[in-house]
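Participant: The following block contains the structure, expressed as structure tokens.
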Amino acid sequence: MRKGFFVFLLGLLFIIASCGGGGGGGGSQPQPPQGNVLVITSDYSTGSYSILDTENMSSTNNINIIHSDSMGRYFNGKIYIIERLEGDAIIVLDQNDPTTIVTQYSVGNGTNPQDINVIDQNKAYITLYGTNYLLIVNPSTGAELGRIDFSPLADADGIPEMCEMVRYGDYIFVAVQRLDRNNWFAPTDKSYVAVIDTKSDSIVNVIELTGLNPIFMQYNEFTQKILVGEAGSFFDLTDGGIETIDPRTFSAEGFVITESTLGGQISGAFYGIAMADANMGYIIIMDESWNTALVSFDLSTGNKLADIDAPSNGFIHNDIIRVGDKLLLAYREETNPGVRIFNINTATEITPNPINTGLPPITFVIY
Amino acid sequence: MKKFLIFFILAFLFIPSILGAEEVIPLKQIQVEAESIQQKEETTADLSSYTTIIYPDKYKEKARNVAELLSESVGIHLRRFGIANKGGYISIRGSSTEQVTVMLDGVVLNSARYSSVNLADIPLDQIERIEIYRGTSPGKFSAIGMGGVINIITKKAKSKSRGGVRLSYGSFNTFHLGIFESGRIGKLDQLISLSSDHTDGDFPFKDNNATPFNPDDDRITHRKNNKLTSGSLLLKLSTPQKGGKRLTIIEHLFMKKEGVPGIGSNQSKHAYLTSFRNLFNIKLSNDKLPIPRLGMDTEFYYLYLTEKFNDRYGEIGIGNQLNRNQTDTIGGNIIFTYPWKNYQLITFLMGVKWERFKAWDLLADEKELDPQKRVSTTLSFDDEIYLMNNRLILSPTIRYDFYHSEFGGITSFHSFNTESISRNKHTWAAKFGARYKLFNSFFLKSNIGRYYRMPSFYELFGDRGTVVGNPELKPENSINSDIGFVWEGSFRFFKRIFLEYALFYHRYKDLILFIQNSQTTVQARNISEASVWGYEISWGADILNFIKIRGNYTYQDSEDKSSISYWKGNRLAGRPVHEIFNKVEFVWPDYGKLFYELNFIGDYYLDRANFYKVKERTIHNIGITAWYKKERNPTLTFEIKNLTDERSYDFLGYPLPGRAYYLTFNYTF
């Protein structure tokens with residue numbers, strides 16, 4: 001291992017040693033409709049965030065330095081920035097003044113937090129990619145309240161790779177990837193979604209998924225089901241798809257659309273998928289030459305609808321999210337990165353040029 | 001670029017005749033231990049270039065390693081990884097560490113797999129001198145560097161019996177032992193040198209618990225898993241200089257085991273790295289060839305490098321790792337030297353090198369990967385043209401290289417095997433330098449040259465699944481230029497005054513950057529450009545026999561000129577604008593000396609985005625040396641490094657140690 005190689009490798013570490021997808025984060029409590037957008041940005045060495053004005057197509061950039069591998073969630077008036085691999089901390093912002101950091105607390109060095117789901121001002125769950133337990137904390141202070149043992153769900157390396165969470169009523173659904181750390185995070189035999197009862201803080205059900213490697217989960221408010229993006233192997237463009245889980249019956253319902261139909265590897269940094277209505281949605285895929293594209297699909301038919309933004313030279317399309325009738329795309333083209341905005345119903349682009357966010361956008365927090 | 005090439009060819013052919021050259025090349029004189037211009041001329045491989053020559057024996061009473069010594073030189077910035085033994089990667093005139101070529105006894109240590117060389121892995125006790133060529137690469141060398149070349153020459157095997165021992169102990173349980181002995185064995189001159197180092201590296205530092213916005217959880221903690229133990233052996237055997245011939249055999253072994261503590265707050269407990277290097281080198285010099293005055297130096301070498309990285313618990317890298325990497329290099333060079341018509345010294349070098357890199361992923365099912373190989377050939381033509389009664393020296397150099405690289409395609413990452421790859425590259429480099437003696441001991445010097453760096457195996461072929469190869473990569477290249485002067489004189493109480501000034505401009509193109517090209521992979525591309533301009537001032541003064549002053553100042557203004565919008569216009573990471581080193585010694589010839597060193601490093605950024613700025617820091621070192629009578633032997637030195645306990649951090653956020661104490665004993669016999 002040479003230290004001179006470390007700079008770019010760090011950026012890669014952030015990506016490979018983490019789950020990739022995104023979730024609605026609210027389950028039965030969908031995101032509030034205010035539509036303010038915080039954009040998390042990074043060049044994989046340095047991270048920051050910007051405040052996006054989607055009406056005036058402008059952005060206030062580089063507000064604070066944060067860890068270069070960060071994602072975010074919004075709950076109850078607070079924005080939680082999850083500083084992942086080598087960050088191992090949570091930053092809390094107030095929605096009324098997101099330029100000021102309210103607090104920052106560690107969740108344990110080397111733990112690699114992936115997602116946070118806040119139950120109330122006194123209790124939150126945090127998935128830790130580097131451990132075999134689900135952490136329960138006070139989200140305001142970071143004080144540890146408890147741990148839920150996930151070691152029975154781990155593969156042979158002892159770490160279950162817990163990823164994203166979705167809340168539905170009193171239950172938290174936790175994606176369990178079960179990757180092989182001795183083999184560069186390759187998928188193993190099975191992946192699960194574990195169900196946590198927030199009243200007893202225990203695992204009450206384990207749902208075996210059709211595919212492997214769930215990289216994002218999102219609650220579909222139109223169908224009241226959970227969409228799970230299962231990437232399988234990143235080197236096999238046909239072994240994954242989007243599966244639905246019925247949160248009322250704790251059952252996996254199989255793929256509603258596959259990677260083969262979509263025409264590429266399921267990708268996307270955190271949210272991964274954006275639904276326009278009950279059936280029509282958008283997703284980022286990647287072809288065999290490692291080029292990403294934005295496509296639309298129809299869940300009712302299980303078919304791809306259209307190529308919205310054609311494959312580009314590299315990993316350019318990073319994440320998408322819906323804000324009202326807009327679809328926001330985190331676009332990382334080297335010479336002209338920024339946020340691109342589409343009409344989510346017509347798939348026509350609104351922005352003449354990507355809105356500059358300082359560092360390239362990674363993902364979003366709607367607050 | 002073709003015009004540039006044509007210019008150099010014309011320079012070779014016509015300049016001597018245009019200027020009516022008819023001078024006589026000065027004979028090389030016996031080398032003396034001094035830092036004078038005269039001595040530089042006798043040792044440097046390029047008279048027009050801005051060169052620093054360091055004789056480690058002058059620092060033997062202090063606790064220093066090669067990287068530390070170099071960092072005190074003008075134009076050089078050292079990237080620190082904590083304690084001094086743990087990393088010695090240097091930048092010259094704003095170059096990257098990969099763009100600095102390091103040679104040990106004529107053998108290039110930069111491998112095709114890893115371009116950077118850790119200078120802390122070269123034991124100081126075994127070195128006779130270090131030549132630093134800033135921004136230029138002599139045509140007499142078998143390799144070039146875009147930033148420059150560090151040429152390290154180990155001690156010679158001599159017939160005269162001599163030896164020495166250096167022993168040092170200090171803070172953080174840091175220990176050094178170096179011994180050497182040379183003399184005659186039968187008809188051969190021999191040298192044997194042993195060196196060993198150890199440190200616990202457990203210095204205290206302020207740990208912010210990875211929460212810079214929350215000072216309440218900051219704490220003082222100690223660096224963990226930061227031990228290092230190394231050992232080295234140098235053996236040399238030489239035939240006496242007889243009949244114009246001399247054969248030298250060099251065996252140089254180095255081994256090291258070090259903990260890899262990780263970055264910042266997240267310190268590992270178990271990860272470690274072991275390294276082993278073996279250099280076997282045979283040199284034959286022959287000045288009695290059938291053609292009168294033609295000299296020939298031939299060398300053959302075998303360089304073996306292996307590293308084993310153990311991170312079974314996944315504390316540092318991507319998942320759990322147990323990797324072994326091995327590089328074998330076999331090569332040879334033939335160098336002809338011919339003084340033509342008494343006013344030109346022509347050097348012609350032919351070199352060939354074969355490199356093979358192999359890797360084992362010892363945790364994977366498919367443990368052995370396909371080797372990556374490279375064959376390179378070099379032709380270099382260098383001239384020194386002496387004109388105007390030796391007042392003007394021109395030194396053009398032109399060089400052609402051919403590289404054949406190939407890779408079988410098998411990696412350990414499942415489903416990530418690629419097809420076998422084979423690529424040929426032709427490239428060239430050239431330099432034109434001039435030195436003009438304006439008046440006694442005042443020289444004007446200027447150079448312009450084109451240099452390049454071949455992509456490494458990492459960049460061309462990728463690795464076990466995280467780096468996707470890009471066989472179409474072009475070499476990085478640069479145009480380097482400088483102009484300035486050197487003056488040395490004396491005045492009244494000043495027995496010697498020395499001043500050097502160099503203004504430089506380096507323009508880098510086709511720089512290779514790793515760009516994310518999938519959710520889990522990156523790929524190298526030629527998408528970056530940069531420029532660095534600045535100036536270097538070196539000074540020195542000897543006031544009678546009692547006060548000795550040496551110092552330098554480097555100003556460098558670097559700019560990212562890539563097309564990447566969020567980096568364009570930024571300063572390059574890890575390049576401070578200002579850097580000053582100055583030392584003063586107060587000498588009592590019969591008893592010893594007091595010394596004081598100041599090292600100011602201006603602020604700089606750790607990242608290309610220019611968000612993370614390291615504040616400027618000033619390090620003060622003081623010490624006292626006692627010696628025995630005028631022979632100054634033995635010596636005993638007590639020194640305090642970082643007297644004011646300045647705490648900072650460097651590359652990737654590695655914390656740096658505060659105040660440290662060292663005691664060093666040196667005896668030469």
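Chain identifiers are assigned as A, B, and so on, following the order in which chains appear in the structure tokens; residues are numbered from 1 within each chain, and ligands are numbered from 1 in order of appearance.
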Give me the region 32-98 of chain B side of the contact with region 547-570 of chain B, cut-off 12 Å, one line per residue showing its nearest atom pair and distance in Å at one decimal, counting only C-alpha atoms, sorted by chain and residue number, as a Markdown table.
Facilitator:
| residue | atom | partner | partner_atom | distance |
| --- | --- | --- | --- | --- |
| B:Glu35 | CA | B:Arg550 | CA | 10.7 |
| B:Thr52 | CA | B:Asn552 | CA | 11.4 |
| B:Ser71 | CA | B:Asn552 | CA | 11.0 |
| B:Glu72 | CA | B:Asn552 | CA | 8.2 |
| B:Ser73 | CA | B:Asn552 | CA | 7.1 |
| B:Val74 | CA | B:Asn552 | CA | 5.6 |
| B:Gly75 | CA | B:Thr554 | CA | 5.6 |
| B:Ile76 | CA | B:Thr554 | CA | 8.1 |
| B:His77 | CA | B:Thr554 | CA | 9.4 |
| B:Ser91 | CA | B:Gln556 | CA | 11.7 |
| B:Ile92 | CA | B:Gln556 | CA | 10.3 |
| B:Arg93 | CA | B:Gln556 | CA | 7.1 |
| B:Gly94 | CA | B:Ser558 | CA | 6.8 |
| B:Ser95 | CA | B:Ser558 | CA | 9.4 |
| B:Ser96 | CA | B:Ser558 | CA | 11.5 |
Participant: I need the chosen residues saved as a PDB file, in the first residue's frame, with N, CA and C atoms.
Facilitator:
ATOM      1  N   GLU B  35      31.107  22.448   0.408  1.00  0.00           N
ATOM      2  CA  GLU B  35      29.872  22.775  -0.286  1.00  0.00           C
ATOM      3  C   GLU B  35      30.120  23.900  -1.287  1.00  0.00           C
ATOM      4  N   THR B  52      21.509  20.716  -5.797  1.00  0.00           N
ATOM      5  CA  THR B  52      21.923  20.720  -4.398  1.00  0.00           C
ATOM      6  C   THR B  52      22.642  19.404  -4.138  1.00  0.00           C
ATOM      7  N   SER B  71      14.387  17.720   3.064  1.00  0.00           N
ATOM      8  CA  SER B  71      13.367  18.744   3.308  1.00  0.00           C
ATOM      9  C   SER B  71      13.986  20.079   3.711  1.00  0.00           C
ATOM     10  N   GLU B  72      15.253  20.047   4.110  1.00  0.00           N
ATOM     11  CA  GLU B  72      15.932  21.291   4.457  1.00  0.00           C
ATOM     12  C   GLU B  72      16.499  21.990   3.219  1.00  0.00           C
ATOM     13  N   SER B  73      16.342  21.356   2.066  1.00  0.00           N
ATOM     14  CA  SER B  73      16.919  21.911   0.842  1.00  0.00           C
ATOM     15  C   SER B  73      15.922  22.811   0.132  1.00  0.00           C
ATOM     16  N   VAL B  74      16.468  23.686  -0.668  1.00  0.00           N
ATOM     17  CA  VAL B  74      15.624  24.631  -1.392  1.00  0.00           C
ATOM     18  C   VAL B  74      14.829  23.901  -2.486  1.00  0.00           C
ATOM     19  N   GLY B  75      13.603  24.354  -2.687  1.00  0.00           N
ATOM     20  CA  GLY B  75      12.783  23.814  -3.769  1.00  0.00           C
ATOM     21  C   GLY B  75      12.096  22.512  -3.462  1.00  0.00           C
ATOM     22  N   ILE B  76      12.284  22.011  -2.253  1.00  0.00           N
ATOM     23  CA  ILE B  76      11.759  20.692  -1.923  1.00  0.00           C
ATOM     24  C   ILE B  76      10.724  20.803  -0.810  1.00  0.00           C
ATOM     25  N   HIS B  77       9.635  20.087  -0.984  1.00  0.00           N
ATOM     26  CA  HIS B  77       8.649  19.993   0.089  1.00  0.00           C
ATOM     27  C   HIS B  77       8.436  18.520   0.419  1.00  0.00           C
ATOM     28  N   SER B  91       8.294  16.445  -3.021  1.00  0.00           N
ATOM     29  CA  SER B  91       7.912  17.166  -4.224  1.00  0.00           C
ATOM     30  C   SER B  91       9.027  18.163  -4.521  1.00  0.00           C
ATOM     31  N   ILE B  92       9.353  18.328  -5.799  1.00  0.00           N
ATOM     32  CA  ILE B  92      10.356  19.313  -6.196  1.00  0.00           C
ATOM     33  C   ILE B  92       9.678  20.363  -7.054  1.00  0.00           C
ATOM     34  N   ARG B  93       9.833  21.593  -6.670  1.00  0.00           N
ATOM     35  CA  ARG B  93       9.259  22.722  -7.423  1.00  0.00           C
ATOM     36  C   ARG B  93       7.786  22.479  -7.750  1.00  0.00           C
ATOM     37  N   GLY B  94       7.068  21.990  -6.795  1.00  0.00           N
ATOM     38  CA  GLY B  94       5.621  21.840  -6.960  1.00  0.00           C
ATOM     39  C   GLY B  94       5.190  20.618  -7.732  1.00  0.00           C
ATOM     40  N   SER B  95       6.100  19.729  -8.025  1.00  0.00           N
ATOM     41  CA  SER B  95       5.714  18.498  -8.736  1.00  0.00           C
ATOM     42  C   SER B  95       4.939  17.594  -7.794  1.00  0.00           C
ATOM     43  N   SER B  96       4.369  16.534  -8.352  1.00  0.00           N
ATOM     44  CA  SER B  96       3.828  15.490  -7.491  1.00  0.00           C
ATOM     45  C   SER B  96       4.982  14.599  -7.045  1.00  0.00           C
TER      46      SER B  96
END
Participant: Write out as a list of chain:residue names the residues lying within 8 Å of Phe150 (chain A), counting only C-alpha atoms and excluding same-chain residues fewer than 6 positions away.
Facilitator: A:Asn132, A:Tyr133, A:Leu134, A:Pro160
Participant: Among region 113-196 of chain A, which ones does DSSP assign to strand (DSSP E or B) (computed from the backbone)? Answer as a ChimeraX atom specification.
Facilitator: /A:113-120,123-128,133-137,144-149,162-168,171-176,179-180,186-187,192-196
Participant: Once you count only C-alpha atoms, what closest atom pair and distance in Å to one decimal does each residue of region 218-322 of chain B within 12 Å of region 125-130 of chain A have, with rows by chain and rising residue number, as a Markdown table?
Facilitator:
| residue | atom | partner | partner_atom | distance |
| --- | --- | --- | --- | --- |
| B:Tyr313 | CA | A:Gly130 | CA | 10.4 |
| B:Gly314 | CA | A:Gly130 | CA | 9.0 |
| B:Glu315 | CA | A:Gly130 | CA | 9.5 |
| B:Ile316 | CA | A:Gly130 | CA | 11.7 |
| B:Ile318 | CA | A:Gly130 | CA | 11.2 |
| B:Gly319 | CA | A:Gly130 | CA | 9.6 |
| B:Asn320 | CA | A:Gly130 | CA | 11.4 |
Participant: Just the residues within 9 Å of region 393-404 of chain B, please, counting only C-alpha atoms, with nothing from its chain fewer than 4 positions along; format it as a VMD selection string.
Facilitator: chain B and resid 5 8 to 9 11 to 12 15 46 to 48 138 to 140 373 to 388 422 to 437 447 449 454
Participant: Give me the residues within 9 Å of Asp105 (chain B) as a list in words, counting only C-alpha atoms and dropping any in the same chain fewer than 4 places off.
Facilitator: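 The residues that qualify are Asn151, Ile152, Ile153, Thr154, Ile250 and Asn281 of chain B.
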